[in-house]
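Novice: Got a structure here, written out as structure tokens. Questions coming.
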Amino acid sequence: MTTPTKRTSKPRRRRGEGQWALGYREPLNKNEQSKKDDNPLNVRARIENIYAHTGFDGIDPGDLRGRFRWYGLYTQRKPGIEGGKTATLEPEELDDSYFMLRVRSDGGALTTEQLHLLGELSHTYARDTADITDRQNIQYHWIQIEDMPTIWQRLEDAGLTTMEACGDSPRVILGSPVAGIAKDEVIDGTPAIDEIKRRYIGAPEFSNLPRKFKTAITGLPDVAHEVHDVAFVGVNHPEHGPGFDVWVGGGLSTNPMIGKRLGAWVPLDEVPDVWAGIVSIFRDYGYRRLRHRARIKFLVKDWGPERFREVLENEYLGRELIDGPEPEVPEHPIDHVGVHEQKDGQYYVGAAPVAGRVSGTTLMGVAKAAERAGSTRVRFTPQQKLVVLDVAESEVEGLRGELDALGLSTEPSPWRRGVMACTGIEFCKLAIVETKQRAKDLVDDLEKRLADLTAAADLPPLSIHLNGCPNSCARIQTADIGLKGQIVTDADGNQVEGFQVHLGGGLGLDAGFGRKLRGHKVTGAELGDYVERVVRNFIDQRTDGERFAQ
Ligand code: SF4
């Protein structure tokens with residue numbers, strides 16, 4: 001008689017993740033190959049010397065759909081292609097011969113002169129388009145490749161750049177729009193942002209990362225730091241004073257994750273070195289085999305924050321970091337809309353376009369209005385708003401009137417204040433549904449439907465974010481009502497544009513992702529009805545002081 005033997009399965013060999021530090025230097029996919037073949041930053045010279053003269057048809061496809069991004073350039077979606085066809089077409093069938101162009105404004109910081117120039121460029125080269133993105137950038141559309149050398153020249157003469165505005169690189173650094181002037185900030189992070197930009201943006205050592213890398217450095221928790229690849233958040237250390245708490249691995253889209261605290265406190269002048277150490281870990285240990293696993297959050301999830309900190313200290317900094325406390329968290333997200341006193345006794349005035357949509361004409365108008373009010377500084381916010389700084393009390397009302405006349409409300413309804421939207425089907429090649437116009441229509445609709453609630457003093461802030469596809473450019477998972485664009489079936493059985501709903505996400509005190517409710521899919525036409533129902537139910541059933549995200 002034979003006794004059964006226990007079957008032991010051979011341990012499965014884990015396939016490599018393409019980590020350079022483990023010896024995987026040979027490219028494992030076409031994106032990695034493209035970056036190895038030629039440093040993407042070299043594409044600028046080809047645009048200036050070749051493509052600006054040959055025009056769109058002369059552009060090498062590898063540059064067009066790959067390396068152009070390192071200078072903020074993407075082809076925009078060919079008009080007239082329905083959302084349902086997005087996934088079925090080849091990239092070249094979706095490409096228009098015009099471009100979207102993103103201009104970096106790190107910390108959202110601009111002088112009125114720079115803002116005026118951004119408006120002028122929009123007017124001259126971008127059919128007067130301009131969107132304020134939720135990463136404090138300006139995004140143009142309808143750009144032609146022939147105009148890029150002049151656009152770059154004019155931007156650079158004014159101290160602006162499009163370098164690494166997109167691509168697998170360190171993208172624009174988010175910073176508090178009221179850095180240096182807010183009464184309640186712990187510390188002004190601007191010197192660290194400026195120094196990182198000076199040392200590392202455009203540096204070859206960081207121009208080939210596994211994927212995009214998003215940074216936030218702020219003395220106030222007002223820039224969605226929880227969902228950044230790395231974030232430095234102002235905190236007071238009981239012994240060492242003001243500095244920054246370090247977070248890594250936050251991110252949205254697929255497998256969303258709230259960033260993990262390393263438990264380390266970093267003083268202002270050490271932020272650039274620690275930042276460079278963290279980016280170097282991502283460059284060397286980040287996963288390069290599969291694009292969808294190439295964000296730093298996957299490495300942080302596998303390692304955990306303790307091991308991440310150990311590697312940072314031992315292999316990259318050569319010293320230990322100081323342990324530090326957790327930053328304070330605001331009850332509600334801070335958006336800086338309205339009139340607020342600065343610490344120097346002047347005022348800042350925050351205004352809301354709808355879902356970040358402005359125009360070149362509007363930007364020039366804001367620059368002039370700010371200057372008339374005695375200001376030379378304007379900021380974009382991560383909530384797609386803008387803020388004019390340094391306004392004397394006597395100039396505030398005049399400025400508010402001028403901003404209002406430009407369509408920028410300083411006292412918006414809660415719906416207008418809380419709505420954000422990504423680019424959507426109008427220009428984005430990945431989009432399935434329309435977003436910007438729909439956001440505007442929704443705001444107009446809610447202002448009528450919910451007029452009785454608009455004036456209620458105790459109405460908690462409510463965020464409604466619209467995405468045109470499953471990516472999360474408008475941070476749907478952290479909104480009270482997150483709307484993810486997809487094709488849905490309407491009551492008559494037709495396939496129409498609509499949204500999968502995520503409810504109850506939030507940042508700050510309630511940082512967490514909204515619940516995806518399987519049955520909650522709404523058509524675009526039903527959106528107003530749906531939001532009204534959700535808001536009225538919440539108002540009727542909430543307990544005292546309850547926030548939406550609870
Ligand atoms: Fe485009 Fe999708 Fe991002 Fe919207 S969420 S901008 S549709 S990729």
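Starting from 1 in every chain, residues are counted up; chains themselves are A, B, ... following the order of the structure tokens, and ligands are numbered from 1 as listed.
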As a quick test: using only C-alpha atoms and all ligand atoms, which residues lie no more than 10 Å away from ligand 1? Give them as a ChimeraX atom specification.
Specialist: /A:77,83,133,253,421-436,466-476,484-486
Novice: For segment 308-322 of chain A, work out the shell of residues within 12 Å, counting only C-alpha atoms and skipping chain neighbours fewer than 5 positions away, then give it as number ranges by chain.
Specialist: A: 21, 237-240, 243-249, 260-267, 270-282, 284-286, 296-303
Novice: Using DSSP on the backbone coordinates, identify the residues of segment 128-364 of chain A assigned to strand (DSSP E); present them as a ChimeraX atom specification.
Specialist: /A:129-132,138-143,170-175,213-218,230-237,241-248,260-266,322-323,338-341,347-351,357-359
Novice: Measuring atom to atom with only C-alpha atoms, identify which of A:Asp390, A:Asp128, A:Asp63, A:Glu156 is nearest to Val103 of chain A.
Specialist: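 Smallest distance to Val103 of chain A is found for A:Glu156.
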Novice: Could you give me, as a PyMOL selection string, each residue of segment 164-259 of chain A that DSSP assigns to alpha helix (DSSP H) when run on this structure's backbone?
Specialist: chain A and resi 190-200
Novice: Selected residues, N, CA and C atoms, written as a PDB file, in the first residue's frame, please.
Specialist:
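Heads up, here's the output in result39.pdb:
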```
ATOM      1  N   THR A 190       8.028  77.676  -0.586  1.00  0.00           N
ATOM      2  CA  THR A 190       8.466  78.189  -1.889  1.00  0.00           C
ATOM      3  C   THR A 190       9.974  78.032  -2.152  1.00  0.00           C
ATOM      4  N   PRO A 191      10.851  78.319  -1.170  1.00  0.00           N
ATOM      5  CA  PRO A 191      12.279  78.170  -1.475  1.00  0.00           C
ATOM      6  C   PRO A 191      12.649  76.742  -1.900  1.00  0.00           C
ATOM      7  N   ALA A 192      11.993  75.745  -1.312  1.00  0.00           N
ATOM      8  CA  ALA A 192      12.298  74.353  -1.684  1.00  0.00           C
ATOM      9  C   ALA A 192      11.800  74.061  -3.095  1.00  0.00           C
ATOM     10  N   ILE A 193      10.620  74.576  -3.438  1.00  0.00           N
ATOM     11  CA  ILE A 193      10.097  74.365  -4.800  1.00  0.00           C
ATOM     12  C   ILE A 193      11.060  74.995  -5.813  1.00  0.00           C
ATOM     13  N   ASP A 194      11.473  76.228  -5.539  1.00  0.00           N
ATOM     14  CA  ASP A 194      12.370  76.924  -6.467  1.00  0.00           C
ATOM     15  C   ASP A 194      13.700  76.188  -6.624  1.00  0.00           C
ATOM     16  N   GLU A 195      14.219  75.680  -5.517  1.00  0.00           N
ATOM     17  CA  GLU A 195      15.520  75.017  -5.576  1.00  0.00           C
ATOM     18  C   GLU A 195      15.436  73.682  -6.331  1.00  0.00           C
ATOM     19  N   ILE A 196      14.356  72.932  -6.114  1.00  0.00           N
ATOM     20  CA  ILE A 196      14.198  71.663  -6.847  1.00  0.00           C
ATOM     21  C   ILE A 196      14.095  71.957  -8.338  1.00  0.00           C
ATOM     22  N   LYS A 197      13.337  72.985  -8.654  1.00  0.00           N
ATOM     23  CA  LYS A 197      13.177  73.348 -10.065  1.00  0.00           C
ATOM     24  C   LYS A 197      14.548  73.731 -10.662  1.00  0.00           C
ATOM     25  N   ARG A 198      15.287  74.516  -9.917  1.00  0.00           N
ATOM     26  CA  ARG A 198      16.587  74.985 -10.423  1.00  0.00           C
ATOM     27  C   ARG A 198      17.554  73.813 -10.624  1.00  0.00           C
ATOM     28  N   ARG A 199      17.587  72.892  -9.630  1.00  0.00           N
ATOM     29  CA  ARG A 199      18.583  71.809  -9.696  1.00  0.00           C
ATOM     30  C   ARG A 199      18.164  70.656 -10.602  1.00  0.00           C
ATOM     31  N   TYR A 200      16.874  70.301 -10.570  1.00  0.00           N
ATOM     32  CA  TYR A 200      16.517  68.976 -11.098  1.00  0.00           C
ATOM     33  C   TYR A 200      15.556  68.946 -12.285  1.00  0.00           C
TER      34      TYR A 200
END
```
Novice: Check the smallest atom-to-atom distance from each of A:Gln19, A:Asn537, A:Gln383, A:Thr215 to Gly259 of chain A using only C-alpha atoms, then report the winner.
Specialist: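 Of A:Gln19, A:Asn537, A:Gln383, A:Thr215, the one nearest Gly259 of chain A is A:Thr215, counting only C-alpha atoms.
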Novice: Of the residues A:Arg67, A:Arg372, A:Arg377, A:Lys343, which is the one nearest to Leu115 of chain A, using only C-alpha atoms?
Specialist: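 That would be A:Arg377, the residue with the smallest distance to Leu115 of chain A.
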Novice: What is the distance, in Å and to one decimal place, between atom CA of Glu532 of chain A and atom CA of His465 of chain A?
Specialist: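 Going from atom CA of Glu532 of chain A over to atom CA of His465 of chain A, I get 15.0 Å.
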Novice: Let me make sure I understand: among A:Gly524, A:Gly107, A:Gly350, A:Gly72, which one has the smallest atom-to-atom distance to Val387 of chain A if we use only C-alpha atoms?
Specialist: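 Smallest distance to Val387 of chain A is found for A:Gly350.
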Novice: Name the residues in contact with Arg69 of chain A at a cut-off of 12 Å, using only C-alpha atoms, excluding same-chain residues fewer than 4 positions from it; report them as a ChimeraX atom specification.
Specialist: /A:35,40-44,62-65,73-75,99-103,162-169,171,207,211-212
Novice: Go ahead and dump the residues you just picked, C-alpha atoms, as a PDB file, in the first residue's frame.
Specialist:
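The resulting part-v3.pdb:
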```pdb
ATOM      1  CA  LYS A  35      13.399  56.379 -23.557  1.00  0.00           C
ATOM      2  CA  PRO A  40      13.213  62.460 -24.453  1.00  0.00           C
ATOM      3  CA  LEU A  41      14.517  65.941 -23.635  1.00  0.00           C
ATOM      4  CA  ASN A  42      16.394  65.878 -26.960  1.00  0.00           C
ATOM      5  CA  VAL A  43      13.103  66.151 -28.827  1.00  0.00           C
ATOM      6  CA  ARG A  44      13.007  69.906 -28.353  1.00  0.00           C
ATOM      7  CA  GLY A  62       7.968  57.838 -31.814  1.00  0.00           C
ATOM      8  CA  ASP A  63       8.463  61.511 -31.018  1.00  0.00           C
ATOM      9  CA  LEU A  64       4.825  62.425 -31.662  1.00  0.00           C
ATOM     10  CA  ARG A  65       3.246  59.908 -29.297  1.00  0.00           C
ATOM     11  CA  LEU A  73       2.751  68.480 -25.925  1.00  0.00           C
ATOM     12  CA  TYR A  74       0.046  65.894 -26.679  1.00  0.00           C
ATOM     13  CA  THR A  75      -1.918  65.522 -29.875  1.00  0.00           C
ATOM     14  CA  PHE A  99      -1.754  69.903 -29.947  1.00  0.00           C
ATOM     15  CA  MET A 100      -2.629  70.398 -26.342  1.00  0.00           C
ATOM     16  CA  LEU A 101       0.167  72.280 -24.575  1.00  0.00           C
ATOM     17  CA  ARG A 102       0.691  72.435 -20.824  1.00  0.00           C
ATOM     18  CA  VAL A 103       2.706  75.271 -19.290  1.00  0.00           C
ATOM     19  CA  THR A 162       6.823  73.633 -20.615  1.00  0.00           C
ATOM     20  CA  MET A 163       9.751  71.352 -19.759  1.00  0.00           C
ATOM     21  CA  GLU A 164       8.633  68.115 -18.095  1.00  0.00           C
ATOM     22  CA  ALA A 165       5.076  69.377 -17.915  1.00  0.00           C
ATOM     23  CA  CYS A 166       4.158  65.792 -18.945  1.00  0.00           C
ATOM     24  CA  GLY A 167       6.049  62.528 -19.608  1.00  0.00           C
ATOM     25  CA  ASP A 168       7.809  60.074 -17.275  1.00  0.00           C
ATOM     26  CA  SER A 169       9.429  62.883 -15.364  1.00  0.00           C
ATOM     27  CA  ARG A 171       5.986  67.132 -13.236  1.00  0.00           C
ATOM     28  CA  SER A 207      14.378  62.577 -17.242  1.00  0.00           C
ATOM     29  CA  ARG A 211       6.371  56.886 -15.090  1.00  0.00           C
ATOM     30  CA  LYS A 212       5.104  60.319 -14.124  1.00  0.00           C
TER      31      LYS A 212
END
```
Novice: Which is closest to Thr361 of chain A among A:Glu120, A:Glu393, A:Glu113, A:Glu205, if we use only C-alpha atoms?
Specialist: A:Glu120
Novice: How many Å separate atom CA of Ile217 of chain A from atom CA of Ala355 of chain A?
Specialist: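 Taking atom CA of Ile217 of chain A as the start and atom CA of Ala355 of chain A as the end point, the length is 23.5 Å.
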